[in-house]
Each structure stands twice: as C-alpha cells, then as structure tokens.
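*Asks:* Sharing query03.pdb here; it has PDB, C-alpha atoms.
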ATOM      1  CA  MET A  12     -31.883  18.948  -6.623
ATOM      2  CA  GLN A  13     -28.299  19.915  -6.095
ATOM      3  CA  ALA A  14     -25.768  19.086  -8.781
ATOM      4  CA  ARG A  15     -23.201  16.635  -7.588
ATOM      5  CA  ASP A  16     -19.637  17.844  -7.553
ATOM      6  CA  THR A  17     -18.071  15.038  -9.531
ATOM      7  CA  GLY A  18     -14.683  16.746  -9.152
ATOM      8  CA  ALA A  19     -14.719  15.752  -5.492
ATOM      9  CA  LEU A  20     -15.207  12.069  -6.258
ATOM     10  CA  PRO A  21     -12.064  10.004  -6.405
ATOM     11  CA  LEU A  22     -11.148   8.066  -9.505
ATOM     12  CA  THR A  23     -12.616   4.579  -9.617
ATOM     13  CA  GLU A  24     -10.223   1.638  -9.489
ATOM     14  CA  LEU A  25     -10.752   1.063 -13.205
ATOM     15  CA  GLU A  26     -10.037   4.710 -13.982
ATOM     16  CA  VAL A  27      -6.860   4.550 -11.927
ATOM     17  CA  LYS A  28      -5.760   1.479 -13.854
ATOM     18  CA  ARG A  29      -6.491   3.163 -17.167
ATOM     19  CA  ALA A  30      -4.677   6.338 -16.146
ATOM     20  CA  ILE A  31      -1.562   4.403 -15.138
ATOM     21  CA  SER A  32      -1.685   2.191 -18.227
ATOM     22  CA  ALA A  33      -1.833   5.304 -20.384
ATOM     23  CA  LEU A  34       1.320   6.847 -18.885
ATOM     24  CA  ALA A  35       3.899   7.993 -21.387
ATOM     25  CA  GLN A  36       7.586   7.074 -21.164
ATOM     26  CA  ALA A  37       8.378  10.163 -19.076
ATOM     27  CA  GLY A  38       5.703   9.249 -16.524
ATOM     28  CA  TRP A  39       7.176   5.780 -15.969
ATOM     29  CA  LEU A  40      10.666   7.257 -15.740
ATOM     30  CA  ARG A  41       9.516   9.860 -13.236
ATOM     31  CA  LEU A  42       7.912   7.195 -11.052
ATOM     32  CA  HIS A  43      11.011   5.031 -11.098
ATOM     33  CA  LYS A  44      13.344   7.910 -10.330
ATOM     34  CA  ALA A  45      11.167   8.979  -7.410
ATOM     35  CA  ALA A  46      11.059   5.395  -6.114
ATOM     36  CA  ARG A  47      14.826   5.133  -6.351
ATOM     37  CA  ALA A  48      15.283   8.400  -4.472
ATOM     38  CA  LEU A  49      12.920   7.230  -1.730
ATOM     39  CA  CYS A  50      14.803   3.947  -1.383
ATOM     40  CA  ARG A  51      18.299   5.413  -1.262
ATOM     41  CA  ASN A  52      18.178   6.104   2.443
ATOM     42  CA  ALA A  53      16.572   2.774   3.206
ATOM     43  CA  ASN A  54      17.039  -0.902   2.715
ATOM     44  CA  PHE A  55      14.326  -1.716   0.270
ATOM     45  CA  ASP A  56      13.982  -2.081  -3.429
ATOM     46  CA  ALA A  57      12.595   0.585  -5.768
ATOM     47  CA  GLU A  58      10.661  -1.979  -7.784
ATOM     48  CA  ASP A  59       9.034  -3.371  -4.612
ATOM     49  CA  LEU A  60       8.062   0.131  -3.551
ATOM     50  CA  LEU A  61       6.561   0.833  -6.960
ATOM     51  CA  GLN A  62       4.642  -2.428  -6.940
ATOM     52  CA  GLU A  63       3.229  -1.776  -3.476
ATOM     53  CA  ALA A  64       2.116   1.728  -4.514
ATOM     54  CA  PHE A  65       0.459   0.366  -7.657
ATOM     55  CA  GLU A  66      -1.315  -2.321  -5.637
ATOM     56  CA  ARG A  67      -2.702   0.190  -3.151
ATOM     57  CA  ALA A  68      -3.876   2.422  -5.986
ATOM     58  CA  LEU A  69      -5.448  -0.469  -7.903
ATOM     59  CA  ASP A  70      -7.242  -2.038  -4.952
ATOM     60  CA  GLY A  71      -8.667   1.313  -3.871
ATOM     61  CA  SER A  72      -6.976   1.402  -0.479
ATOM     62  CA  ARG A  73      -5.479   4.726  -1.611
ATOM     63  CA  GLN A  74      -7.780   6.967  -3.594
ATOM     64  CA  CYS A  75      -6.811   9.500  -6.213
ATOM     65  CA  SER A  76      -8.751  12.719  -6.523
ATOM     66  CA  ARG A  77      -9.811  13.649 -10.054
ATOM     67  CA  THR A  78      -7.959  16.924  -9.810
ATOM     68  CA  LEU A  79      -4.652  15.285  -8.956
ATOM     69  CA  ASP A  80      -2.102  14.212 -11.531
ATOM     70  CA  ILE A  81      -1.760  10.432 -11.367
ATOM     71  CA  VAL A  82       2.050  10.553 -11.138
ATOM     72  CA  HIS A  83       1.935  13.020  -8.239
ATOM     73  CA  PHE A  84      -0.645  10.805  -6.585
ATOM     74  CA  LEU A  85       1.537   7.691  -6.947
ATOM     75  CA  VAL A  86       4.611   9.524  -5.693
ATOM     76  CA  GLY A  87       2.597  10.550  -2.629
ATOM     77  CA  VAL A  88       1.594   6.925  -2.066
ATOM     78  CA  MET A  89       5.228   5.835  -2.366
ATOM     79  CA  ARG A  90       6.315   8.509   0.127
ATOM     80  CA  SER A  91       3.819   7.234   2.633
ATOM     81  CA  ILE A  92       4.750   3.564   2.130
ATOM     82  CA  ALA A  93       8.477   4.331   2.291
ATOM     83  CA  SER A  94       7.946   6.205   5.534
ATOM     84  CA  ASP A  95       5.992   3.275   7.015
ATOM     85  CA  TRP A  96       8.589   0.751   5.881
ATOM     86  CA  ARG A  97      11.434   2.797   7.314
ATOM     87  CA  LYS A  98       9.679   3.073  10.665
ATOM     88  CA  ALA A  99       8.878  -0.635  10.666
ATOM     89  CA  ARG A 100      12.462  -1.493   9.853
ATOM     90  CA  ARG A 101      13.741   0.703  12.649
ATOM     91  CA  ARG A 102      11.445  -0.971  15.153
ATOM     92  CA  ARG A 103      11.819  -4.477  13.773
ATOM     93  CA  PRO A 104       9.422  -6.096  16.180
ATOM     94  CA  GLU A 105       9.990  -9.777  16.447
ATOM     95  CA  MET A 106       7.983 -12.388  18.246
ATOM     96  CA  SER A 107       8.805 -16.010  18.460
ATOM     97  CA  LEU A 108       7.371 -19.075  20.031
ATOM     98  CA  VAL A 109      10.068 -20.746  22.019
ATOM     99  CA  SER A 110       9.695 -24.165  23.468
ATOM    100  CA  PRO A 111      12.423 -24.576  26.059
ATOM    101  CA  THR A 112      11.478 -28.125  26.788
ATOM    102  CA  GLY A 113      10.824 -29.064  23.222
ATOM    103  CA  THR A 114       7.227 -29.930  23.935
ATOM    104  CA  LEU A 115       4.132 -28.351  22.500
ATOM    105  CA  GLN A 116       2.537 -28.014  25.911
ATOM    106  CA  GLU A 117       5.117 -25.709  27.362
ATOM    107  CA  PHE A 118       6.259 -22.655  25.557
ATOM    108  CA  ALA A 119       7.019 -19.051  26.241
ATOM    109  CA  ILE A 120       6.347 -16.039  24.056
ATOM    110  CA  ARG A 121       9.284 -13.731  23.885
ATOM    111  CA  ALA A 122       8.422 -10.287  22.582
ATOM    112  CA  ARG A 123      11.468  -8.461  21.481
ATOM    113  CA  ASP A 124      12.105  -4.923  22.703
ATOM    114  CA  GLU A 125      10.989  -2.665  19.873
ATOM    115  CA  ARG A 126      13.901  -0.331  20.292
ATOM    116  CA  PRO A 127      16.857  -1.274  18.125
ATOM    117  CA  ALA A 128      19.643  -2.981  19.974
ATOM    118  CA  ALA A 129      22.644  -0.762  20.669
ATOM    119  CA  ASP A 130      24.775  -2.393  17.983
ATOM    120  CA  GLU A 131      22.012  -2.111  15.363
ATOM    121  CA  TRP A 132      21.380   1.484  16.277
ATOM    122  CA  LEU A 133      25.070   2.315  16.089
ATOM    123  CA  ALA A 134      25.406   0.575  12.729
ATOM    124  CA  SER A 135      22.401   2.377  11.244
ATOM    125  CA  THR A 136      23.537   5.727  12.593
ATOM    126  CA  GLN A 137      26.983   5.189  11.179
ATOM    127  CA  ALA A 138      25.508   4.173   7.845
ATOM    128  CA  ALA A 139      23.371   7.333   7.733
ATOM    129  CA  SER A 140      26.335   9.454   8.730
ATOM    130  CA  CYS A 141      28.573   7.810   6.107
ATOM    131  CA  LEU A 142      25.947   8.265   3.405
ATOM    132  CA  LYS A 143      25.552  11.929   4.290
ATOM    133  CA  GLN A 144      29.296  12.477   4.175
ATOM    134  CA  ALA A 145      29.636  10.519   0.926
ATOM    135  CA  ILE A 146      26.994  12.727  -0.668
ATOM    136  CA  LEU A 147      28.708  15.908   0.491
ATOM    137  CA  ASP A 148      32.049  14.570  -0.766
ATOM    138  CA  LEU A 149      30.573  14.172  -4.232
ATOM    139  CA  PHE A 150      30.562  17.960  -4.446
ATOM    140  CA  ALA A 151      34.029  18.624  -3.075
ATOM    141  CA  ASP A 152      34.751  20.513  -6.301
ATOM    142  CA  ASP A 153      31.621  22.662  -6.075
ATOM    143  CA  GLY A 154      31.311  24.902  -3.024
ATOM    144  CA  VAL A 155      27.953  26.309  -4.103
ATOM    145  CA  ALA A 156      26.459  22.845  -4.480
ATOM    146  CA  GLN A 157      27.820  21.856  -1.069
ATOM    147  CA  ARG A 158      26.302  24.930   0.563
ATOM    148  CA  MET A 159      23.036  24.182  -1.158
ATOM    149  CA  LEU A 160      23.127  20.568  -0.006
ATOM    150  CA  GLU A 161      23.895  21.564   3.556
ATOM    151  CA  GLY A 162      21.023  24.045   3.425
ATOM    152  CA  ILE A 163      18.632  21.382   2.138
ATOM    153  CA  MET A 164      19.746  18.936   4.818
ATOM    154  CA  ASP A 165      19.250  21.629   7.452
ATOM    155  CA  GLY A 166      15.676  22.104   6.303
ATOM    156  CA  ILE A 167      16.111  25.338   4.347
ATOM    157  CA  ALA A 168      14.035  25.467   1.180
ATOM    158  CA  GLY A 169      12.644  27.684  -1.544
ATOM    159  CA  GLU A 170      13.557  31.331  -1.754
ATOM    160  CA  GLU A 171      15.538  31.266   1.468
ATOM    161  CA  LEU A 172      17.758  28.530   0.095
ATOM    162  CA  ARG A 173      18.137  30.300  -3.236
ATOM    163  CA  SER A 174      19.147  33.586  -1.647
ATOM    164  CA  GLN A 175      21.630  31.781   0.572
ATOM    165  CA  THR A 176      23.366  30.395  -2.506
ATOM    166  CA  GLN A 177      23.185  33.789  -4.262
ATOM    167  CA  LEU A 178      22.094  32.143  -7.516
ATOM    168  CA  SER A 179      19.491  33.364  -9.992
ATOM    169  CA  GLN A 180      16.344  31.257 -10.228
ATOM    170  CA  THR A 181      17.585  29.568 -13.401
ATOM    171  CA  GLN A 182      21.046  28.933 -11.965
ATOM    172  CA  PHE A 183      19.449  27.620  -8.801
ATOM    173  CA  GLU A 184      17.278  25.149 -10.689
ATOM    174  CA  SER A 185      20.252  24.010 -12.771
ATOM    175  CA  LYS A 186      22.313  23.484  -9.645
ATOM    176  CA  ARG A 187      19.547  21.507  -7.993
ATOM    177  CA  ARG A 188      19.319  19.327 -11.085
ATOM    178  CA  LEU A 189      23.077  18.861 -11.128
ATOM    179  CA  ILE A 190      22.937  17.726  -7.502
ATOM    180  CA  ARG A 191      20.197  15.225  -8.248
ATOM    181  CA  ARG A 192      21.957  13.895 -11.355
ATOM    182  CA  ARG A 193      25.276  13.489  -9.603
ATOM    183  CA  ILE A 194      23.731  11.684  -6.641
ATOM    184  CA  ASP A 195      21.747   9.470  -9.034
ATOM    185  CA  LYS A 196      24.900   8.481 -10.869
ATOM    186  CA  ALA A 197      26.955   7.942  -7.713
ATOM    187  CA  PHE A 198      24.216   5.855  -6.040
ATOM    188  CA  PRO A 199      22.383   4.285  -8.944
ATOM    189  CA  GLN A 200      20.891   1.497  -6.866
ATOM    190  CA  GLU A 201      19.174   1.525  -3.551
ATOM    191  CA  ARG A 202      21.196  -0.066  -0.777
ATOM    192  CA  LYS A 203      20.301  -3.684  -0.227
ATOM    193  CA  PRO A 204      20.094  -5.249   3.193
TER     194      PRO A 204
ATOM    195  CA  MET B  29      26.756   9.623  19.944
ATOM    196  CA  THR B  30      23.170  10.096  21.077
ATOM    197  CA  ARG B  31      19.879   8.894  19.712
ATOM    198  CA  ASN B  32      19.086  12.541  18.975
ATOM    199  CA  LYS B  33      22.056  12.665  16.694
ATOM    200  CA  ASP B  34      20.798   9.527  14.974
ATOM    201  CA  SER B  35      17.433  11.096  14.279
ATOM    202  CA  HIS B  36      19.156  14.294  13.154
ATOM    203  CA  GLN B  37      21.243  12.360  10.609
ATOM    204  CA  ARG B  38      18.169  10.603   9.312
ATOM    205  CA  ALA B  39      16.125  13.785   9.166
ATOM    206  CA  SER B  40      18.891  15.434   7.104
ATOM    207  CA  LEU B  41      18.818  12.592   4.603
ATOM    208  CA  ASP B  42      15.016  12.562   4.569
ATOM    209  CA  ARG B  43      14.985  16.274   3.725
ATOM    210  CA  LEU B  44      17.467  15.686   0.931
ATOM    211  CA  THR B  45      15.328  12.831  -0.406
ATOM    212  CA  GLU B  46      12.306  15.114  -0.386
ATOM    213  CA  ALA B  47      14.187  17.814  -2.313
ATOM    214  CA  LEU B  48      15.336  15.255  -4.889
ATOM    215  CA  VAL B  49      11.792  13.954  -5.340
ATOM    216  CA  GLU B  50      10.504  17.508  -5.763
ATOM    217  CA  ASP B  51      13.112  18.096  -8.440
ATOM    218  CA  ILE B  52      12.108  14.887 -10.214
ATOM    219  CA  LEU B  53       8.496  16.063 -10.243
ATOM    220  CA  ALA B  54       9.508  19.496 -11.517
ATOM    221  CA  THR B  55      11.726  18.231 -14.344
ATOM    222  CA  SER B  56      10.189  18.402 -17.808
ATOM    223  CA  ASP B  57       9.311  15.225 -19.705
ATOM    224  CA  ALA B  58      11.872  16.020 -22.392
ATOM    225  CA  ASP B  59      14.672  16.495 -19.861
ATOM    226  CA  LEU B  60      13.781  13.231 -18.106
ATOM    227  CA  ILE B  61      13.870  11.335 -21.383
ATOM    228  CA  ASN B  62      17.193  12.936 -22.328
ATOM    229  CA  GLU B  63      18.637  12.013 -18.938
ATOM    230  CA  ALA B  64      17.469   8.424 -19.292
ATOM    231  CA  GLN B  65      19.004   8.150 -22.749
ATOM    232  CA  ALA B  66      22.267   9.652 -21.571
ATOM    233  CA  ASP B  67      22.433   7.360 -18.531
ATOM    234  CA  ASP B  68      21.143   4.264 -20.298
ATOM    235  CA  ASP B  69      18.430   4.186 -17.653
ATOM    236  CA  ASN B  70      15.837   1.396 -17.982
ATOM    237  CA  GLY B  71      13.687   2.796 -15.173
ATOM    238  CA  ALA B  72      10.602   3.030 -17.370
ATOM    239  CA  THR B  73      10.776  -0.711 -18.051
ATOM    240  CA  VAL B  74      11.230  -1.464 -14.356
ATOM    241  CA  ALA B  75       8.233   0.691 -13.434
ATOM    242  CA  ARG B  76       6.038  -0.920 -16.110
ATOM    243  CA  ARG B  77       7.067  -4.367 -14.872
ATOM    244  CA  ALA B  78       6.129  -3.408 -11.310
ATOM    245  CA  PHE B  79       2.728  -2.230 -12.576
ATOM    246  CA  GLU B  80       2.111  -5.471 -14.450
ATOM    247  CA  ARG B  81       3.034  -7.495 -11.369
ATOM    248  CA  ALA B  82       0.746  -5.357  -9.220
ATOM    249  CA  SER B  83      -2.120  -5.766 -11.708
ATOM    250  CA  ARG B  84      -1.689  -9.546 -11.680
ATOM    251  CA  THR B  85      -1.549  -9.634  -7.876
ATOM    252  CA  ILE B  86      -4.734  -7.578  -7.570
ATOM    253  CA  ALA B  87      -6.541  -9.707 -10.164
ATOM    254  CA  LEU B  88      -5.599 -12.907  -8.308
ATOM    255  CA  ARG B  89      -6.590 -11.389  -4.977
ATOM    256  CA  ARG B  90     -10.013 -10.419  -6.378
ATOM    257  CA  LEU B  91     -10.518 -13.833  -7.892
ATOM    258  CA  ALA B  92      -9.760 -15.495  -4.564
ATOM    259  CA  ALA B  93     -12.073 -13.095  -2.724
ATOM    260  CA  ASN B  94     -14.893 -13.768  -5.199
ATOM    261  CA  ARG B  95     -14.444 -17.517  -4.763
ATOM    262  CA  ARG B  96     -14.531 -17.167  -0.988
ATOM    263  CA  ALA B  97     -17.649 -15.008  -1.174
ATOM    264  CA  ALA B  98     -19.362 -17.455  -3.520
ATOM    265  CA  ARG B  99     -18.547 -20.360  -1.196
ATOM    266  CA  GLY B 100     -19.940 -18.532   1.822
ATOM    267  CA  ARG B 101     -23.119 -17.423   0.128
ATOM    268  CA  ARG B 102     -24.226 -20.243  -2.144
ATOM    269  CA  VAL B 103     -27.133 -22.316  -1.582
ATOM    270  CA  VAL B 104     -28.381 -25.653  -1.893
ATOM    271  CA  GLY B 105     -29.160 -26.882  -5.256
ATOM    272  CA  ALA B 106     -31.390 -29.203  -3.321
ATOM    273  CA  ASN B 107     -35.082 -29.490  -3.896
ATOM    274  CA  ILE B 108     -36.503 -28.109  -0.693
ATOM    275  CA  ARG B 109     -39.685 -30.060  -1.168
ATOM    276  CA  ALA B 110     -37.677 -33.282  -1.076
ATOM    277  CA  LEU B 111     -36.789 -32.630   2.567
ATOM    278  CA  ASP B 112     -38.820 -34.383   5.168
ATOM    279  CA  PRO B 113     -40.917 -31.880   7.146
ATOM    280  CA  LYS B 114     -38.867 -32.310  10.319
ATOM    281  CA  THR B 115     -35.601 -31.587   8.556
ATOM    282  CA  ALA B 116     -37.121 -28.612   6.735
ATOM    283  CA  ARG B 117     -38.375 -27.193  10.025
ATOM    284  CA  GLY B 118     -34.914 -27.755  11.531
ATOM    285  CA  TRP B 119     -33.280 -25.791   8.684
ATOM    286  CA  LEU B 120     -35.703 -22.931   9.138
ATOM    287  CA  GLU B 121     -35.253 -22.873  12.914
ATOM    288  CA  GLU B 122     -31.530 -22.830  12.460
ATOM    289  CA  TYR B 123     -31.800 -19.889  10.076
ATOM    290  CA  MET B 124     -34.115 -18.022  12.465
ATOM    291  CA  ALA B 125     -31.761 -18.669  15.381
ATOM    292  CA  SER B 126     -28.932 -16.999  13.521
ATOM    293  CA  HIS B 127     -31.129 -14.165  12.212
ATOM    294  CA  PRO B 128     -33.201 -12.944  15.177
ATOM    295  CA  ASP B 129     -34.533  -9.905  13.291
ATOM    296  CA  ALA B 130     -35.994 -12.115  10.612
ATOM    297  CA  ALA B 131     -37.438 -14.407  13.305
ATOM    298  CA  ARG B 132     -39.175 -11.470  14.998
ATOM    299  CA  LYS B 133     -40.719 -10.372  11.694
ATOM    300  CA  VAL B 134     -42.002 -13.864  10.998
ATOM    301  CA  ARG B 135     -43.504 -14.163  14.462
ATOM    302  CA  GLY B 136     -45.114 -10.745  14.040
ATOM    303  CA  ALA B 137     -46.607 -11.735  10.696
ATOM    304  CA  LEU B 138     -47.957 -15.034  11.923
ATOM    305  CA  PRO B 139     -51.703 -15.368  12.314
ATOM    306  CA  ALA B 140     -53.190 -16.576  15.502
ATOM    307  CA  ARG B 141     -51.846 -20.028  14.822
ATOM    308  CA  ASP B 142     -48.968 -20.802  17.108
ATOM    309  CA  ARG B 143     -47.081 -22.930  14.638
ATOM    310  CA  LEU B 144     -46.025 -22.627  11.013
ATOM    311  CA  SER B 145     -47.555 -25.214   8.734
ATOM    312  CA  ASP B 146     -45.257 -27.494   6.753
ATOM    313  CA  GLU B 147     -46.298 -25.542   3.666
ATOM    314  CA  ASP B 148     -45.260 -22.287   5.384
ATOM    315  CA  VAL B 149     -41.892 -23.825   6.224
ATOM    316  CA  TYR B 150     -41.255 -25.071   2.679
ATOM    317  CA  GLY B 151     -42.370 -21.732   1.233
ATOM    318  CA  MET B 152     -40.071 -19.748   3.484
ATOM    319  CA  LEU B 153     -37.115 -22.030   2.831
ATOM    320  CA  GLU B 154     -37.678 -21.687  -0.900
ATOM    321  CA  ALA B 155     -37.815 -17.910  -0.563
ATOM    322  CA  LEU B 156     -34.541 -17.957   1.401
ATOM    323  CA  GLN B 157     -33.025 -20.283  -1.171
ATOM    324  CA  LYS B 158     -33.964 -17.894  -3.975
ATOM    325  CA  ARG B 159     -32.329 -15.033  -2.106
ATOM    326  CA  GLY B 160     -29.167 -17.127  -1.745
ATOM    327  CA  VAL B 161     -29.000 -16.910   2.013
ATOM    328  CA  LEU B 162     -29.242 -20.577   2.895
ATOM    329  CA  LYS B 163     -26.002 -22.340   3.726
ATOM    330  CA  GLU B 164     -24.834 -24.839   1.157
ATOM    331  CA  ARG B 165     -25.448 -28.434   2.078
ATOM    332  CA  THR B 166     -27.013 -31.516   0.667
ATOM    333  CA  VAL B 167     -30.417 -32.753   1.545
ATOM    334  CA  ASP B 168     -28.873 -35.800   3.221
ATOM    335  CA  GLN B 169     -26.916 -33.656   5.674
ATOM    336  CA  GLY B 170     -30.026 -32.339   7.345
ATOM    337  CA  PRO B 171     -29.768 -29.473   9.783
ATOM    338  CA  ASP B 172     -26.369 -28.233  10.793
ATOM    339  CA  ARG B 173     -25.868 -29.413  14.363
ATOM    340  CA  ARG B 174     -22.923 -27.197  15.227
TER     341      ARG B 174
END
As a first step, turn the structure in this file into structure tokens.
*Replies:*
Amino acid sequence: MQARDTGALPLTELEVKRAISALAQAGWLRLHKAARALCRNANFDAEDLLQEAFERALDGSRQCSRTLDIVHFLVGVMRSIASDWRKARRRRPEMSLVSPTGTLQEFAIRARDERPAADEWLASTQAASCLKQAILDLFADDGVAQRMLEGIMDGIAGEELRSQTQLSQTQFESKRRLIRRRIDKAFPQERKP
Amino acid sequence: MTRNKDSHQRASLDRLTEALVEDILATSDADLINEAQADDDNGATVARRAFERASRTIALRRLAANRRAARGRRVVGANIRALDPKTARGWLEEYMASHPDAARKVRGALPARDRLSDEDVYGMLEALQKRGVLKERTVDQGPDRR
C-alpha cells in the first residue's frame, strides 16, 4: 500500500481556524497592512476585505496547503478578492425592474450596459492619474525613490530595478521600505466611495 | 484620453500595490511591530476584529444550513403501523415514484406475487423511516398529493 502524501492535503477548516487564531501580533499587523495596501487603489474597506478572506478560508471555499504559511495564504486570498471586487466595481452591472405603467402586469427589464459610462470612466481615470501623481509627489525630495517608483509602476522588478537605481541590495531594501512607509503615512486609509 | 490610458494608469498602480504587498511580506516581525508602535497603528486589532466577525458569520451560516438539512431530511415521528393500509401504500408509492432506482430493486426482489402485502408495505416504510428518508408529516396528512 502506498503511503499517502499528507503534505499534499490542504489544511482542514478547523486547522485553518486554529492557525489564524494562533497568529502573533506581527501576523495580524502584516495582514492588515496588506489589506490596506490592496484597498488603496480601490473603493473598499480593508476590514471588509480581511473579513471576506477569513470567511473564505474558514468555510473551505479557499484551501490552504500545509506547506504554505497561513499569512501568505490569506494575503493571496485577499489579492484574489480585491481583484474580483475591482473588476466588479468597474463593470457595475445593474438591473432593475421598471414598471412604466405602475402595474405589476406590465414591466420592462432594463439591463445596464456593463461598460462604465463616459463620465464614470473619466472620473475613475482621473482619480487613478491623480493618485499616481500624488504618490510620485511624495518623493519630490528623493530622486532615487522617484526613479524606483517609476520603475515599479512600469513593471520593472528585482535585480533589474535594483541595478537601475544603482543601490546596493541593503540600500535597495531600505529604499523600498521607505517608499512603503511614506505611502502608508500619506494614505493611511483606503479611499471610501 | 483613451481607455488604453485608463488601463495603463490602473496597471501602474496595481504593480505598485503588488510591490508594497511584497515588501510587507518580506519585512521582519520585529520591524513591523516597531513600525506599528511608531505610527500608533491599531491594525492588529482591526484584523482580529475582522476574524472574529468572520468566525461568527461562518458559525451562523453553518447553523442555518444544519437546520435546513434537518428540516429536509427528518421523518415522521409517526407510528407507521397506525396508518391505514391504503394511506401506507400511498406513502410507499409516492416514495417509489420519486426514487425509481429503489422501485426497480423492490420489483426485482418481489416474489411471483404481483402485489406487496400490507405487512411488506409497513415493513418497508419502517425501514425507510429508520434511514430517515421519509418526508416529515403527520399521520393525519396522509400521502402528499402534490
């Protein structure tokens, strides 16, 4: 009889609950900071995002492998939910039952065009553009940080990004942390609708 | 301004978000705690609260699901033998009509007789009752005529 590879089995719902309950202070902080970062470019609340991720982990709709750190797992779940919520918000489908005559017998279903209306699209684009500029402006006194930010926003990462900034690995990590800390302080709360 | 530019702006911010999250994951526990103390950050409390709310929501959802399942499954507390034979036969026929596989097995197992005896009917209903597959109803209701 073959030995079962228990490492391949996901954590049970009870094990997930125990693992989360046992998180130390730093684990909770890490989760909240990640949630806040994921909400900054969107119109939802970090606490709601956290709650939704916990619910999906606890009800087993998202499963955590035994080899995966529970915080990394939950951050992955939040990423996925945030992405879904952002897409849903951009589409904003809306259906309504309209009764032009005011009777129950006669009504029409109006399905709204899923594409954002021109004014909504313009507003959201402007908001994204303003946020991007506001973030860059935070580092007006730090050319290296600005170059690094622009590189990140252009999709450059890792060693390529580090060599572009001409920083040592330690300096690079410090600069990245400085960027995160400054953005965190400047935008402590997610934007509300 | 084009829609491509819109998606470009968003993609830039998404990439920045991803880099920030990666940095959060890479930061040591001690540094995170120091940052929180320096910034008077109550994020840990907020995250714990979200977890407690989620746990409560899941517990309530499970409770509701269990109640629904119990309602759908539970059987008669009725004494099957107290049914009149016609009603008992009606209950069994109704069960067989909604479970054709079971009906085929019963027909296959039947002896040459073309009809189940009343005793057969009572016995089968009792067996179904024990297995918890009979719909809940009172003896007075008789067969479900829907």
*Asks:* Could you list, with a cut-off of 7 Å and counting only C-alpha atoms, the residues of chain A near chain B, each shown with its nearest atom pair and the distance in Å rounded to one decimal, rows sorted by chain and ascending number, as CSV?
*Replies:*
residue,atom,partner,partner_atom,distance
A:Gln36,CA,B:Ala72,CA,6.3
A:Ala37,CA,B:Asp57,CA,5.2
A:Trp39,CA,B:Ala72,CA,4.6
A:Leu40,CA,B:Ala72,CA,4.5
A:Arg41,CA,B:Ile52,CA,6.4
A:Leu42,CA,B:Ala75,CA,6.9
A:His43,CA,B:Gly71,CA,5.4
A:Ala45,CA,B:Val49,CA,5.4
A:Ala48,CA,B:Thr45,CA,6.0
A:Leu49,CA,B:Thr45,CA,6.2
A:Asn52,CA,B:Leu41,CA,6.9
A:Glu58,CA,B:Ala78,CA,5.9
A:Leu61,CA,B:Ala78,CA,6.1
A:Gln62,CA,B:Ala78,CA,4.7
A:Phe65,CA,B:Ala82,CA,5.9
A:Glu66,CA,B:Ala82,CA,5.1
A:Asp70,CA,B:Ile86,CA,6.6
A:Thr136,CA,B:Asp34,CA,5.3
A:Ala139,CA,B:Gln37,CA,6.2
A:Ser140,CA,B:Gln37,CA,6.2
A:Lys143,CA,B:Leu41,CA,6.8
A:Ile163,CA,B:Leu44,CA,5.9
A:Met164,CA,B:Ser40,CA,4.3
A:Asp165,CA,B:Ser40,CA,6.2
A:Gly166,CA,B:Arg43,CA,6.4
A:Arg188,CA,B:Asp51,CA,6.9
A:Arg191,CA,B:Leu48,CA,5.9
*Asks:* Quick one: distance from atom CA of Arg77 of chain A to atom CA of Leu20 of chain A in Å, one decimal?
*Replies:*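 Atom CA of Leu20 of chain A lies 6.8 Å from atom CA of Arg77 of chain A.
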*Asks:* Between A:Glu184, A:Glu170, A:Asp195, A:Asp95, which has the minimum distance to Ala53 of chain A (counting only C-alpha atoms)?
*Replies:* A:Asp95
*Asks:* What is the atom CA of Asp148 of chain A-atom CA of Lys44 of chain A distance in Å, reported with one decimal?
*Replies:*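 Result for atom CA of Asp148 of chain A versus atom CA of Lys44 of chain A: 22.0 Å, one decimal.
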*Asks:* Name the residues that the PyMOL selection byres ((chain B and resi 118-124) around 8) picks from the file above, as a VMD selection string, using the file's chain letters and numbers.
*Replies:* chain B and resid 114 to 117 125 to 128 130 to 131 149 152 to 153 162 170 to 172
*Asks:* Taking C-alpha atoms for each residue, export the selection above as a compact mmCIF listing (two decimals), in the frame of the given file.
*Replies:*
# COMPACT_ATOMS: atom_id res chain seq x y z
CA LYS B 114 -38.87 -32.31 10.32
CA THR B 115 -35.60 -31.59 8.56
CA ALA B 116 -37.12 -28.61 6.74
CA ARG B 117 -38.38 -27.19 10.02
CA ALA B 125 -31.76 -18.67 15.38
CA SER B 126 -28.93 -17.00 13.52
CA HIS B 127 -31.13 -14.16 12.21
CA PRO B 128 -33.20 -12.94 15.18
CA ALA B 130 -35.99 -12.12 10.61
CA ALA B 131 -37.44 -14.41 13.30
CA VAL B 149 -41.89 -23.82 6.22
CA MET B 152 -40.07 -19.75 3.48
CA LEU B 153 -37.12 -22.03 2.83
CA LEU B 162 -29.24 -20.58 2.90
CA GLY B 170 -30.03 -32.34 7.34
CA PRO B 171 -29.77 -29.47 9.78
CA ASP B 172 -26.37 -28.23 10.79
*Asks:* Run the PyMOL selection byres ((chain A and resi 72) around 12) mentally over the shown coordinates, then write out the matched residues as a list in words, using the chain letters and numbers from the document.
*Replies:* Pro21, Leu22, Thr23, Glu24, Val27, Glu63, Ala64, Phe65, Glu66, Arg67, Ala68, Leu69, Asp70, Gly71, Arg73, Gln74, Cys75 and Val88 of chain A; Ile86 of chain B
*Asks:* From the set A:Ala138, A:Ala30, A:Val155, A:Cys50, which residue has the shortest atom-to-atom contact distance to Phe84 of chain A, counting only C-alpha atoms?
*Replies:*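 Looking at the shortest contact to Phe84 of chain A, the residue is A:Ala30.
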*Asks:* One number please: atom CA of Asn54 of chain A to atom CA of Trp96 of chain A, in Å, one decimal.
*Replies:* 9.2 Å
*Asks:* Around all listed atoms of segment 48-60 of chain B, padded 4 Å per side, what centre and edge lengths does the axis-aligned box have in Å to one decimal, as lines of an AutoDock Vina configuration file?
*Replies:*
center_x = 11.9
center_y = 16.4
center_z = -13.6
size_x = 14.8
size_y = 14.3
size_z = 25.5
*Asks:* Name the residues that the PyMOL selection byres ((chain B and resi 148) around 12) picks from the file above, as a list in words, using the file's chain letters and numbers.
*Replies:*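 Answer for the PyMOL selection byres ((chain B and resi 148) around 12): Arg109, Pro113, Ala116, Arg117, Leu120, Val134, Ala137, Leu138, Pro139, Arg141, Arg143, Leu144, Ser145, Asp146, Glu147, Val149, Tyr150, Gly151, Met152, Leu153, Glu154 and Ala155 of chain B.
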